[in-house]
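A.B. asks: For reference, the file query-v4.txt (compact mmCIF, C-alpha atoms) is included below:
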# COMPACT_ATOMS: atom_id res chain seq x y z
CA MET A 1147 -43.56 -21.81 -6.31
CA SER A 1148 -44.36 -25.48 -6.71
CA ASP A 1149 -46.80 -27.37 -4.53
CA VAL A 1150 -45.45 -28.64 -1.27
CA ILE A 1151 -45.24 -32.43 -1.10
CA SER A 1152 -46.47 -33.70 2.28
CA THR A 1153 -45.13 -36.93 3.71
CA ASP A 1154 -44.35 -38.71 6.96
CA VAL A 1155 -40.61 -38.86 6.35
CA VAL A 1156 -38.10 -37.28 4.00
CA ILE A 1157 -34.90 -39.27 3.66
CA ILE A 1158 -31.94 -37.28 2.37
CA GLY A 1159 -29.67 -39.66 0.49
CA ALA A 1160 -30.48 -42.84 -1.45
CA GLY A 1161 -27.35 -44.77 -0.49
CA PRO A 1162 -27.55 -48.14 1.26
CA CYS A 1163 -28.55 -46.69 4.64
CA GLY A 1164 -31.19 -44.40 3.16
CA LEU A 1165 -32.63 -47.32 1.20
CA PHE A 1166 -32.74 -49.61 4.23
CA ALA A 1167 -34.37 -46.81 6.23
CA ILE A 1168 -37.31 -46.97 3.77
CA PHE A 1169 -37.72 -50.63 4.72
CA GLU A 1170 -37.53 -50.13 8.48
CA LEU A 1171 -39.85 -47.12 8.37
CA GLY A 1172 -42.16 -48.93 5.98
CA LEU A 1173 -42.63 -51.84 8.41
CA LEU A 1174 -44.00 -49.22 10.81
CA ASP A 1175 -46.30 -47.80 8.10
CA LEU A 1176 -44.33 -44.60 7.64
CA LYS A 1177 -44.31 -43.27 4.08
CA CYS A 1178 -41.06 -41.93 2.66
CA HIS A 1179 -39.87 -39.55 0.00
CA VAL A 1180 -36.19 -39.96 -0.80
CA ILE A 1181 -34.05 -37.18 -2.28
CA ASP A 1182 -30.61 -37.68 -3.82
CA ILE A 1183 -28.22 -35.47 -5.74
CA LEU A 1184 -27.18 -38.34 -8.04
CA ASP A 1185 -29.33 -39.52 -10.94
CA ARG A 1186 -29.82 -43.02 -9.49
CA PRO A 1187 -29.94 -44.84 -6.16
CA GLY A 1188 -26.89 -46.33 -4.42
CA GLY A 1189 -24.88 -43.34 -3.25
CA GLN A 1190 -21.20 -44.20 -2.97
CA CYS A 1191 -21.98 -47.81 -3.92
CA ALA A 1192 -23.26 -46.54 -7.26
CA GLU A 1193 -20.91 -43.64 -7.85
CA LEU A 1194 -17.60 -44.79 -6.40
CA TYR A 1195 -17.51 -48.57 -6.53
CA PRO A 1196 -20.42 -50.19 -8.41
CA GLU A 1197 -18.21 -53.07 -9.59
CA LYS A 1198 -16.05 -53.46 -6.50
CA PRO A 1199 -16.84 -56.37 -4.20
CA ILE A 1200 -17.95 -55.63 -0.64
CA TYR A 1201 -17.10 -58.42 1.81
CA ASP A 1202 -18.59 -57.27 5.11
CA ILE A 1203 -22.35 -57.33 4.60
CA PRO A 1204 -23.75 -59.98 6.97
CA ALA A 1205 -24.84 -63.13 5.11
CA LEU A 1206 -23.50 -61.83 1.80
CA PRO A 1207 -19.88 -63.02 1.63
CA LEU A 1208 -19.40 -61.04 -1.56
CA VAL A 1209 -21.63 -58.45 -3.15
CA THR A 1210 -20.85 -55.58 -5.51
CA GLY A 1211 -22.00 -52.04 -4.83
CA ALA A 1212 -24.41 -52.26 -7.76
CA ASP A 1213 -25.87 -55.57 -6.56
CA LEU A 1214 -26.27 -54.39 -3.00
CA THR A 1215 -28.13 -51.34 -4.29
CA ALA A 1216 -30.40 -53.45 -6.49
CA ARG A 1217 -31.23 -55.77 -3.57
CA LEU A 1218 -31.97 -52.90 -1.21
CA MET A 1219 -34.23 -51.35 -3.86
CA GLU A 1220 -36.10 -54.65 -4.12
CA GLN A 1221 -36.41 -54.85 -0.35
CA ALA A 1222 -37.80 -51.30 -0.18
CA LYS A 1223 -40.19 -51.74 -3.09
CA PRO A 1224 -43.28 -52.97 -1.16
CA PHE A 1225 -43.32 -49.64 0.68
CA LYS A 1226 -43.62 -47.61 -2.53
CA PRO A 1227 -41.00 -44.99 -1.78
CA GLN A 1228 -41.05 -41.88 -3.95
CA PHE A 1229 -37.61 -40.97 -5.31
CA HIS A 1230 -36.47 -37.52 -6.35
CA PHE A 1231 -33.10 -37.75 -8.11
CA ASN A 1232 -30.80 -34.98 -9.35
CA GLN A 1233 -31.94 -32.86 -6.42
CA MET A 1234 -29.87 -31.39 -3.63
CA VAL A 1235 -31.67 -30.41 -0.46
CA THR A 1236 -30.59 -26.84 0.11
CA THR A 1237 -32.67 -25.78 3.10
CA LEU A 1238 -34.18 -27.58 6.06
CA GLU A 1239 -36.32 -25.50 8.37
CA LYS A 1240 -38.19 -26.48 11.50
CA ARG A 1241 -41.65 -24.92 11.44
CA GLY A 1242 -42.94 -26.55 14.60
CA ASP A 1243 -42.91 -29.84 16.46
CA ASN A 1244 -42.81 -32.66 13.90
CA ASP A 1245 -43.14 -30.16 11.11
CA PHE A 1246 -40.20 -29.58 8.81
CA LEU A 1247 -39.99 -27.78 5.49
CA LEU A 1248 -37.33 -28.80 3.00
CA ALA A 1249 -36.44 -27.24 -0.34
CA THR A 1250 -34.23 -28.53 -3.14
CA ASP A 1251 -32.11 -26.76 -5.74
CA GLY A 1252 -34.53 -28.11 -8.34
CA GLY A 1253 -37.42 -26.15 -6.85
CA LEU A 1254 -39.15 -28.99 -4.98
CA GLN A 1255 -40.59 -28.45 -1.52
CA PHE A 1256 -41.46 -31.04 1.09
CA ALA A 1257 -43.34 -30.88 4.36
CA ALA A 1258 -42.32 -33.78 6.61
CA LYS A 1259 -42.99 -34.88 10.16
CA VAL A 1260 -39.58 -36.51 10.40
CA VAL A 1261 -36.33 -35.98 8.49
CA VAL A 1262 -33.66 -38.65 8.13
CA ILE A 1263 -30.26 -37.50 6.94
CA ALA A 1264 -28.52 -40.46 5.30
CA ALA A 1265 -26.16 -38.37 3.24
CA GLY A 1266 -22.98 -40.44 3.62
CA GLY A 1267 -19.93 -38.32 2.92
CA GLY A 1268 -22.13 -35.40 1.97
CA SER A 1269 -23.33 -34.45 -1.46
CA PHE A 1270 -21.52 -35.47 -4.61
CA GLN A 1271 -20.39 -32.37 -6.42
CA PRO A 1272 -18.28 -31.91 -9.55
CA LYS A 1273 -14.56 -31.71 -8.94
CA LYS A 1274 -13.23 -28.26 -9.67
CA PRO A 1275 -9.74 -28.39 -11.15
CA PRO A 1276 -7.37 -26.17 -9.14
CA ILE A 1277 -6.42 -23.97 -12.11
CA PRO A 1278 -5.22 -20.59 -10.80
CA GLY A 1279 -8.00 -17.99 -11.01
CA ILE A 1280 -10.71 -20.43 -12.17
CA GLU A 1281 -13.20 -19.10 -9.57
CA ALA A 1282 -13.46 -15.80 -11.45
CA TYR A 1283 -15.01 -17.60 -14.43
CA GLU A 1284 -17.40 -19.90 -12.58
CA ASN A 1285 -20.37 -17.57 -12.98
CA GLY A 1286 -20.86 -18.35 -16.65
CA SER A 1287 -17.74 -19.21 -18.63
CA VAL A 1288 -16.66 -22.31 -16.71
CA LEU A 1289 -19.44 -24.87 -16.27
CA TYR A 1290 -19.27 -28.15 -14.38
CA SER A 1291 -22.59 -29.39 -15.71
CA VAL A 1292 -24.88 -28.45 -18.56
CA LYS A 1293 -28.29 -27.30 -17.40
CA LYS A 1294 -29.38 -25.60 -20.63
CA MET A 1295 -27.73 -26.57 -23.91
CA GLU A 1296 -29.08 -23.42 -25.59
CA ALA A 1297 -26.87 -21.27 -23.38
CA LEU A 1298 -23.88 -22.77 -25.21
CA ARG A 1299 -25.12 -22.17 -28.76
CA GLY A 1300 -22.59 -20.31 -30.89
CA LYS A 1301 -19.83 -20.56 -28.29
CA ASP A 1302 -16.21 -21.58 -28.69
CA ILE A 1303 -16.30 -24.53 -26.35
CA LEU A 1304 -13.40 -26.30 -24.66
CA ILE A 1305 -14.28 -29.58 -22.97
CA VAL A 1306 -11.72 -31.17 -20.66
CA GLY A 1307 -11.75 -34.85 -19.69
CA GLY A 1308 -11.94 -38.34 -21.11
CA GLY A 1309 -14.90 -39.99 -19.39
CA ASP A 1310 -18.52 -40.40 -20.45
CA SER A 1311 -19.60 -36.90 -19.42
CA ALA A 1312 -16.78 -35.29 -21.41
CA LEU A 1313 -17.40 -37.36 -24.54
CA ASP A 1314 -21.21 -37.19 -24.39
CA TRP A 1315 -21.18 -33.42 -24.11
CA THR A 1316 -18.55 -33.08 -26.81
CA ASN A 1317 -20.76 -34.99 -29.22
CA ASN A 1318 -24.01 -33.35 -28.10
CA LEU A 1319 -22.76 -29.77 -28.09
CA GLN A 1320 -20.60 -29.92 -31.23
CA PRO A 1321 -23.55 -29.26 -33.61
CA ILE A 1322 -24.57 -26.04 -31.85
CA ALA A 1323 -21.09 -24.78 -30.95
CA LYS A 1324 -19.19 -22.25 -33.04
CA SER A 1325 -16.10 -24.34 -32.41
CA MET A 1326 -15.46 -27.41 -30.29
CA THR A 1327 -12.18 -28.58 -28.76
CA LEU A 1328 -11.79 -31.65 -26.59
CA LEU A 1329 -8.72 -31.74 -24.37
CA HIS A 1330 -7.63 -34.90 -22.60
CA ARG A 1331 -4.38 -35.86 -20.95
CA ARG A 1332 -3.87 -38.99 -23.08
CA ASP A 1333 -5.10 -40.35 -26.39
CA GLU A 1334 -7.12 -43.05 -24.64
CA PHE A 1335 -10.61 -42.63 -23.28
CA ARG A 1336 -12.48 -44.45 -20.56
CA ALA A 1337 -15.78 -43.31 -22.08
CA ALA A 1338 -18.05 -45.73 -23.96
CA PRO A 1339 -16.38 -46.81 -27.25
CA ASP A 1340 -19.39 -45.63 -29.27
CA SER A 1341 -19.05 -42.05 -28.14
CA VAL A 1342 -15.27 -42.15 -28.59
CA ASN A 1343 -15.75 -43.33 -32.18
CA LYS A 1344 -18.29 -40.62 -32.82
CA MET A 1345 -15.88 -37.99 -31.50
CA ARG A 1346 -13.07 -39.34 -33.70
CA GLU A 1347 -15.35 -39.15 -36.74
CA LEU A 1348 -16.09 -35.51 -35.96
CA VAL A 1349 -12.36 -34.84 -35.70
CA ALA A 1350 -11.68 -36.65 -38.99
CA ALA A 1351 -14.42 -34.60 -40.67
CA GLY A 1352 -12.75 -31.40 -39.49
CA LYS A 1353 -15.75 -30.46 -37.33
CA MET A 1354 -13.84 -30.30 -34.04
CA GLN A 1355 -10.36 -30.56 -32.59
CA LEU A 1356 -8.89 -33.12 -30.21
CA LYS A 1357 -5.86 -32.05 -28.22
CA ILE A 1358 -3.81 -34.23 -25.90
CA GLY A 1359 -2.61 -32.25 -22.91
CA GLN A 1360 -3.69 -30.45 -19.75
CA VAL A 1361 -4.94 -26.96 -18.86
CA THR A 1362 -2.43 -24.85 -16.97
CA GLY A 1363 -4.04 -21.42 -17.03
CA LEU A 1364 -7.02 -19.34 -18.10
CA LYS A 1365 -7.28 -16.00 -19.87
CA GLY A 1366 -10.06 -13.49 -19.84
CA GLU A 1367 -11.39 -10.31 -18.33
CA GLY A 1368 -14.19 -9.42 -15.96
CA GLY A 1369 -15.20 -13.03 -15.43
CA VAL A 1370 -15.50 -13.66 -19.18
CA LEU A 1371 -13.22 -16.36 -20.50
CA SER A 1372 -11.33 -15.76 -23.75
CA GLY A 1373 -8.90 -18.65 -23.81
CA ALA A 1374 -7.08 -21.44 -22.00
CA THR A 1375 -3.37 -22.13 -21.87
CA ILE A 1376 -2.68 -25.78 -22.39
CA LYS A 1377 0.43 -27.86 -22.07
CA LEU A 1378 0.48 -30.53 -24.74
CA ALA A 1379 1.76 -34.04 -24.15
CA ASP A 1380 5.01 -33.24 -25.99
CA GLY A 1381 5.68 -30.37 -23.58
CA THR A 1382 4.81 -27.48 -25.89
CA VAL A 1383 2.49 -24.80 -24.57
CA GLU A 1384 -0.26 -23.17 -26.59
CA ASP A 1385 -3.42 -21.13 -26.18
CA VAL A 1386 -6.87 -22.34 -27.20
CA ALA A 1387 -9.44 -19.63 -27.83
CA CYS A 1388 -12.65 -20.41 -25.98
CA ASN A 1389 -15.44 -18.54 -24.22
CA ALA A 1390 -16.86 -21.61 -22.51
CA MET A 1391 -14.95 -24.34 -20.71
CA LEU A 1392 -16.48 -27.52 -19.31
CA PRO A 1393 -14.14 -29.53 -17.08
CA PHE A 1394 -15.31 -33.09 -16.34
CA PHE A 1395 -13.10 -34.59 -13.64
CA GLY A 1396 -15.67 -36.70 -11.87
CA LEU A 1397 -17.36 -36.06 -8.56
CA THR A 1398 -16.18 -35.52 -5.04
CA MET A 1399 -18.05 -35.46 -1.75
CA LYS A 1400 -18.63 -32.22 0.12
CA LEU A 1401 -20.65 -31.85 3.31
CA GLY A 1402 -22.61 -29.11 1.53
CA PRO A 1403 -25.72 -27.40 2.88
CA VAL A 1404 -26.06 -29.89 5.80
CA ALA A 1405 -23.57 -27.73 7.68
CA GLU A 1406 -26.02 -24.80 7.67
CA TRP A 1407 -29.05 -26.50 9.18
CA GLY A 1408 -28.22 -25.68 12.78
CA LEU A 1409 -27.38 -29.24 13.81
CA ASN A 1410 -24.59 -29.97 16.27
CA LEU A 1411 -21.57 -31.14 14.30
CA THR A 1412 -18.42 -32.89 15.45
CA GLU A 1413 -15.58 -32.66 12.95
CA ASN A 1414 -17.99 -32.19 10.05
CA LEU A 1415 -20.15 -35.13 11.10
CA ILE A 1416 -23.60 -34.94 12.66
CA ALA A 1417 -23.59 -35.80 16.35
CA VAL A 1418 -26.34 -38.26 17.34
CA ASP A 1419 -27.32 -40.34 20.37
CA THR A 1420 -26.99 -44.11 20.19
CA ALA A 1421 -30.52 -45.06 21.20
CA LYS A 1422 -32.45 -43.20 18.52
CA PHE A 1423 -29.74 -41.77 16.27
CA GLU A 1424 -31.39 -38.40 16.62
CA THR A 1425 -29.54 -35.13 16.03
CA SER A 1426 -29.55 -32.11 18.34
CA VAL A 1427 -32.88 -31.15 16.73
CA PRO A 1428 -35.71 -33.52 17.79
CA GLY A 1429 -37.32 -35.07 14.73
CA ILE A 1430 -34.18 -34.88 12.61
CA PHE A 1431 -32.22 -38.12 12.55
CA ALA A 1432 -28.88 -39.00 10.97
CA VAL A 1433 -27.83 -42.51 9.98
CA GLY A 1434 -24.85 -44.00 8.18
CA ASP A 1435 -21.50 -42.44 7.39
CA ILE A 1436 -22.65 -38.89 8.04
CA ASN A 1437 -23.26 -39.33 11.77
CA THR A 1438 -20.88 -39.71 14.67
CA TYR A 1439 -21.09 -41.03 18.24
CA PRO A 1440 -18.64 -42.69 20.61
CA GLY A 1441 -17.41 -45.88 18.96
CA LYS A 1442 -18.85 -45.06 15.53
CA LEU A 1443 -17.67 -47.27 12.67
CA LYS A 1444 -18.34 -46.21 9.10
CA LEU A 1445 -19.74 -49.55 8.02
CA ILE A 1446 -22.86 -50.18 5.98
CA LEU A 1447 -24.01 -52.71 8.59
CA SER A 1448 -23.79 -50.08 11.33
CA GLY A 1449 -26.00 -47.81 9.24
CA PHE A 1450 -28.59 -50.60 8.91
CA HIS A 1451 -28.73 -50.98 12.69
CA GLU A 1452 -29.00 -47.22 13.10
CA ALA A 1453 -31.91 -47.11 10.64
CA ALA A 1454 -33.83 -49.77 12.56
CA LEU A 1455 -33.54 -47.93 15.87
CA MET A 1456 -34.25 -44.56 14.29
CA ALA A 1457 -37.52 -45.90 12.85
CA GLN A 1458 -38.87 -46.70 16.32
CA GLN A 1459 -38.58 -43.10 17.44
CA ALA A 1460 -39.77 -41.77 14.06
CA PHE A 1461 -42.97 -43.80 14.55
CA ARG A 1462 -43.56 -42.13 17.92
CA TYR A 1463 -43.26 -38.68 16.35
CA VAL A 1464 -45.60 -39.47 13.47
CA ASN A 1465 -48.13 -41.32 15.66
CA PRO A 1466 -48.00 -39.64 19.06
CA GLY A 1467 -49.60 -41.64 21.83
CA GLU A 1468 -49.92 -44.78 19.74
CA ARG A 1469 -48.48 -47.98 21.12
CA LEU A 1470 -45.69 -49.49 19.08
CA MET A 1471 -45.65 -53.26 19.18
CA PHE A 1472 -42.41 -54.95 18.29
CA GLN A 1473 -42.91 -57.65 15.67
CA TYR A 1474 -40.79 -60.05 13.65
CA THR A 1475 -41.11 -60.40 9.88
CA THR A 1476 -40.79 -64.17 10.29
CA SER A 1477 -43.98 -64.49 12.33
CA SER A 1478 -46.11 -61.36 12.05
CA THR A 1479 -49.00 -61.67 9.60
CA ASN A 1480 -49.35 -57.91 9.77
CA LEU A 1481 -45.76 -57.30 8.66
CA GLN A 1482 -45.96 -60.00 6.02
CA ARG A 1483 -49.03 -58.36 4.56
CA LYS A 1484 -47.14 -55.09 4.28
CA LEU A 1485 -44.33 -56.92 2.54
CA GLY A 1486 -46.84 -58.42 0.11
CA VAL A 1487 -45.91 -62.01 0.99
CA ASN A 1488 -49.03 -63.01 2.93
CA MET B 1349 8.77 -51.66 8.01
CA ALA B 1350 9.50 -48.96 5.46
CA LYS B 1351 9.94 -45.27 6.15
CA ILE B 1352 7.84 -43.20 3.77
CA THR B 1353 8.21 -39.45 3.48
CA PHE B 1354 5.36 -37.27 2.28
CA ILE B 1355 6.54 -33.88 1.00
CA GLN B 1356 3.83 -31.27 1.39
CA HIS B 1357 3.20 -28.56 -1.17
CA ASP B 1358 4.90 -26.00 1.11
CA GLY B 1359 8.04 -28.15 1.24
CA SER B 1360 7.54 -29.47 4.76
CA GLU B 1361 7.99 -33.20 5.24
CA ILE B 1362 6.09 -35.80 7.21
CA SER B 1363 7.57 -39.27 7.62
CA ALA B 1364 5.60 -42.34 8.57
CA ASN B 1365 6.35 -46.00 9.03
CA GLY B 1366 4.67 -48.11 6.41
CA VAL B 1367 3.92 -51.73 7.14
CA ALA B 1368 4.60 -54.21 4.33
CA GLY B 1369 1.33 -55.17 2.66
CA MET B 1370 -0.43 -51.91 3.43
CA THR B 1371 -0.69 -49.24 0.78
CA VAL B 1372 1.07 -45.88 0.77
CA MET B 1373 -2.39 -44.25 0.97
CA GLU B 1374 -3.29 -46.26 4.09
CA THR B 1375 0.03 -45.29 5.63
CA ALA B 1376 -0.75 -41.64 4.98
CA VAL B 1377 -4.31 -41.79 6.32
CA LYS B 1378 -3.26 -43.75 9.42
CA ASN B 1379 -0.69 -41.08 10.19
CA GLN B 1380 -3.01 -38.18 9.35
CA VAL B 1381 -0.85 -36.88 6.53
CA PRO B 1382 -2.66 -33.84 5.12
CA GLY B 1383 -3.45 -33.77 1.42
CA ILE B 1384 -4.26 -37.45 0.96
CA ASP B 1385 -8.07 -37.36 0.92
CA ALA B 1386 -8.76 -40.93 -0.21
CA ASP B 1387 -12.52 -40.33 -0.57
CA CYS B 1388 -13.24 -43.87 -1.71
CA GLY B 1389 -11.19 -45.59 0.96
CA GLY B 1390 -8.80 -47.35 -1.39
CA ALA B 1391 -11.07 -48.75 -4.11
CA CYS B 1392 -9.13 -46.95 -6.87
CA ALA B 1393 -12.35 -45.10 -7.60
CA CYS B 1394 -11.79 -41.43 -6.86
CA ALA B 1395 -8.25 -40.19 -7.64
CA THR B 1396 -8.04 -38.20 -4.40
CA CYS B 1397 -4.86 -39.90 -3.17
CA HIS B 1398 -2.75 -38.64 -6.07
CA VAL B 1399 0.99 -38.27 -5.36
CA TYR B 1400 4.13 -37.51 -7.34
CA VAL B 1401 6.80 -40.13 -6.72
CA GLU B 1402 10.24 -38.52 -6.43
CA PRO B 1403 12.28 -39.32 -9.56
CA GLU B 1404 14.78 -41.61 -7.82
CA TRP B 1405 11.91 -43.82 -6.58
CA VAL B 1406 9.77 -44.02 -9.71
CA GLU B 1407 11.23 -47.30 -10.86
CA LYS B 1408 11.02 -49.02 -7.48
CA ALA B 1409 7.45 -47.82 -6.90
CA GLY B 1410 6.49 -49.58 -10.13
CA ALA B 1411 4.28 -48.81 -13.09
CA ARG B 1412 0.65 -47.73 -13.01
CA ASN B 1413 -1.90 -50.49 -13.47
CA PRO B 1414 -4.59 -49.99 -16.17
CA MET B 1415 -7.37 -49.19 -13.69
CA GLU B 1416 -5.12 -46.60 -12.04
CA GLU B 1417 -4.24 -45.11 -15.42
CA ASP B 1418 -7.97 -44.67 -16.14
CA MET B 1419 -8.62 -43.18 -12.74
CA LEU B 1420 -5.78 -40.67 -13.14
CA ASP B 1421 -8.01 -39.02 -15.77
CA PHE B 1422 -9.87 -37.64 -12.76
CA ALA B 1423 -6.75 -36.17 -11.17
CA PHE B 1424 -5.37 -32.73 -11.94
CA ASP B 1425 -1.87 -31.93 -13.25
CA VAL B 1426 -0.96 -35.52 -13.98
CA ARG B 1427 2.78 -35.94 -14.59
CA GLU B 1428 5.02 -38.81 -15.59
CA ASN B 1429 5.67 -39.61 -11.94
CA SER B 1430 2.00 -39.43 -10.93
CA ARG B 1431 0.62 -42.39 -9.00
CA LEU B 1432 -2.46 -43.09 -6.93
CA SER B 1433 -1.04 -43.89 -3.52
CA CYS B 1434 -3.76 -46.51 -2.87
CA GLN B 1435 -2.17 -48.56 -5.64
CA ILE B 1436 1.38 -48.57 -4.27
CA LYS B 1437 1.88 -51.47 -1.86
CA VAL B 1438 4.49 -50.93 0.81
CA THR B 1439 7.41 -53.37 0.67
CA ASP B 1440 10.76 -53.42 2.45
CA ALA B 1441 12.30 -52.34 -0.86
CA LEU B 1442 10.42 -49.06 -0.56
CA ASP B 1443 12.14 -48.13 2.72
CA GLY B 1444 12.99 -44.44 2.24
CA LEU B 1445 10.30 -43.77 -0.41
CA ARG B 1446 9.64 -40.09 -1.01
CA VAL B 1447 6.43 -38.79 -2.58
CA LYS B 1448 5.11 -35.26 -3.12
CA VAL B 1449 1.54 -34.41 -2.23
CA PRO B 1450 -0.20 -32.09 -4.74
CA GLU B 1451 -1.39 -28.68 -3.58
CA LYS B 1452 -5.00 -29.85 -3.79
CA GLN B 1453 -6.64 -33.19 -4.51
CA PHE B 1454 -9.69 -31.12 -5.70
Could I get this file's structure written as structure tokens?

C.D. replies:
Amino acid sequence: MSDVISTDVVIIGAGPCGLFAIFELGLLDLKCHVIDILDRPGGQCAELYPEKPIYDIPALPLVTGADLTARLMEQAKPFKPQFHFNQMVTTLEKRGDNDFLLATDGGLQFAAKVVVIAAGGGSFQPKKPPIPGIEAYENGSVLYSVKKMEALRGKDILIVGGGDSALDWTNNLQPIAKSMTLLHRRDEFRAAPDSVNKMRELVAAGKMQLKIGQVTGLKGEGGVLSGATIKLADGTVEDVACNAMLPFFGLTMKLGPVAEWGLNLTENLIAVDTAKFETSVPGIFAVGDINTYPGKLKLILSGFHEAALMAQQAFRYVNPGERLMFQYTTSSTNLQRKLGVN
Amino acid sequence: MAKITFIQHDGSEISANGVAGMTVMETAVKNQVPGIDADCGGACACATCHVYVEPEWVEKAGARNPMEEDMLDFAFDVRENSRLSCQIKVTDALDGLRVKVPEKQF
């Protein structure tokens, strides 16, 4: 078991509200560790719409998801947050008052006085194509991500998709595979041109196959895949022999483990009060899209407000009995020192 | 106003009134039509509002735009009449539009 990381606050989710929570908590001297299932900050702004303009952030008439993320990261920087990416928080356990233990699927453990759930629409998880009977093969033959390349050495691999993940893994796994087939619904790829070119070179050299079509069924026994039935673009149906299939259809949001932490939920959202944005468990807060209360609007600006109010109560839990003085960043030397501007 | 009918996977139908200028996806979400998830809220960034436009409406509903074509790579069982409903704008000409909702958006 790894060492337990101790901190004032663990923030679950590095989307805009999680990032702004670092700032608000930081002004009150609370130190944060931030955990996210994605490989970078930004949450939906990074994964779903990095290039799309957002028009309703106060004082920013137009900002893209990527820009907003970059600015929030800059704003949080003086408080030296510690990020843990590619990690999903699987368990959250209350050990005592202001004492929570969290564990991730990557084997990390955290002890925190306060937990802030800023998990948006839940955790991003790979989309699972609704191919009849696919569940039976998900314990080894059908993989939605590659954790260990070695496990795929010598396999007949079928990769499905046309984005960066599909093309990168096609090119990376081809040298160690017994055979490699890439299946995509059209002969055009949204992946980076470099990796598409590399794949086409491999095809031209006879080292792998490219097929244009879609999977309609799977074959195998006892959870071991032996082939996939595919419908080609011209309507013909054929079988591709494979004992490993990797479908890459992007990510979707699922509430995930949050549902099992004993918090009061309302229609799959975490119920909070509107003074502290605290859940039914004292010391666990929820801000942003994942919470609900009368009048809730799923707006980034609402999440910012929620984070500011949450921080006040979080301070009281971390520093019991200490007086909290309200200060403005425009005039407080103390706050400006924390921000590194005075 | 345009009447839009969403045919569920089990064959049942739900009709809703679409307002010109809104999208077919927004019409579905506003009327709580099951099967249109629209994770991204209409940014053409998730492919979870995938529908099959009934053959007689394909032409009127229009062609896919390039961004939509890319995003359909993330949908399952894409057919010739597949569209992302967030990319179909409701117009009076679409009064009577019929679309099928896939069994699962994922």

A.B. asks: When you look at stretch 1408-1415 of chain B with a cut-off of 8 Å (counting all atoms listed in the file), what residues show up, excluding the ones that are within fewer than 5 positions of it in the same chain? I need them as number ranges by chain.

C.D. replies: B: 1392, 1401, 1431, 1435-1436, 1441-1442

A.B. asks: Dump as a list in words the residues of chain A that approach chain B to within 6 Å, counting all atoms listed in the file.

C.D. replies: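 Taken together, these residues fit the definition: Leu1194, Lys1273, Phe1395 and Gly1396 of chain A.
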
A.B. asks: Measuring atom to atom with only C-alpha atoms, identify which of B:Pro1403, B:Gly1390, B:Gly1359, B:Gly1366 is nearest to B:Arg1446.

C.D. replies: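 Result for the nearest residue to B:Arg1446: B:Pro1403.
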
A.B. asks: Rounded to one decimal, what separation in Å do you get between atom CA of A:Pro1272 and atom CA of A:Leu1248?

C.D. replies: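 Distance reported for this atom pair: 23.0 Å.
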
A.B. asks: Grab all the atoms of stretch 1362-1373 of chain B that the file lists, wrap them in a box along x, y and z, add 5 Å per side, and give me centre plus edge lengths in Å (one decimal) as AutoDock Vina command-line options.

C.D. replies:
--center_x 2.6 --center_y -45.5 --center_z 4.9 --size_x 20.0 --size_y 29.4 --size_z 18.3

A.B. asks: When you draw a straight line from atom CA of A:Leu1206 to atom CA of A:Asn1480, how long is it in Å?

C.D. replies: 27.3 Å

A.B. asks: What is the distance between atom CA of A:Gln1221 and atom CA of A:Gln1473, in Å to one decimal?

C.D. replies: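 Rounded to one decimal, the two atoms are 17.5 Å apart.
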
A.B. asks: Could you check the closest approach to A:Phe1450 for each of A:Thr1362, A:Pro1199, A:Val1433, A:Tyr1463 and tell me which residue wins, using all atoms listed in the file?

C.D. replies: A:Val1433

A.B. asks: Give me the residues near stretch 1301-1317 of chain A as a compact mmCIF listing (two decimals) with C-alpha atoms, in the frame of the given file, where near means some atom within 9 Å (using all atoms listed in the file) and where sequence neighbours in that chain fewer than 3 positions away do not count.

C.D. replies:
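Generated file (part.txt):
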# COMPACT_ATOMS: atom_id res chain seq x y z
CA SER A 1291 -22.59 -29.39 -15.71
CA VAL A 1292 -24.88 -28.45 -18.56
CA ALA A 1297 -26.87 -21.27 -23.38
CA LEU A 1298 -23.88 -22.77 -25.21
CA GLN A 1320 -20.60 -29.92 -31.23
CA PRO A 1321 -23.55 -29.26 -33.61
CA ILE A 1322 -24.57 -26.04 -31.85
CA ALA A 1323 -21.09 -24.78 -30.95
CA LYS A 1324 -19.19 -22.25 -33.04
CA SER A 1325 -16.10 -24.34 -32.41
CA MET A 1326 -15.46 -27.41 -30.29
CA THR A 1327 -12.18 -28.58 -28.76
CA LEU A 1328 -11.79 -31.65 -26.59
CA LEU A 1329 -8.72 -31.74 -24.37
CA HIS A 1330 -7.63 -34.90 -22.60
CA ARG A 1331 -4.38 -35.86 -20.95
CA ARG A 1332 -3.87 -38.99 -23.08
CA ASP A 1333 -5.10 -40.35 -26.39
CA GLU A 1334 -7.12 -43.05 -24.64
CA PHE A 1335 -10.61 -42.63 -23.28
CA ARG A 1336 -12.48 -44.45 -20.56
CA ALA A 1337 -15.78 -43.31 -22.08
CA ALA A 1338 -18.05 -45.73 -23.96
CA SER A 1341 -19.05 -42.05 -28.14
CA VAL A 1342 -15.27 -42.15 -28.59
CA LYS A 1344 -18.29 -40.62 -32.82
CA MET A 1345 -15.88 -37.99 -31.50
CA LEU A 1348 -16.09 -35.51 -35.96
CA GLN A 1360 -3.69 -30.45 -19.75
CA VAL A 1361 -4.94 -26.96 -18.86
CA GLY A 1373 -8.90 -18.65 -23.81
CA ALA A 1374 -7.08 -21.44 -22.00
CA VAL A 1386 -6.87 -22.34 -27.20
CA ALA A 1387 -9.44 -19.63 -27.83
CA CYS A 1388 -12.65 -20.41 -25.98
CA ASN A 1389 -15.44 -18.54 -24.22
CA ALA A 1390 -16.86 -21.61 -22.51
CA MET A 1391 -14.95 -24.34 -20.71
CA LEU A 1392 -16.48 -27.52 -19.31
CA PRO A 1393 -14.14 -29.53 -17.08
CA PHE A 1394 -15.31 -33.09 -16.34
CA PHE A 1395 -13.10 -34.59 -13.64
CA GLY A 1396 -15.67 -36.70 -11.87
CA ASP B 1418 -7.97 -44.67 -16.14
CA ASP B 1421 -8.01 -39.02 -15.77
CA PHE B 1422 -9.87 -37.64 -12.76
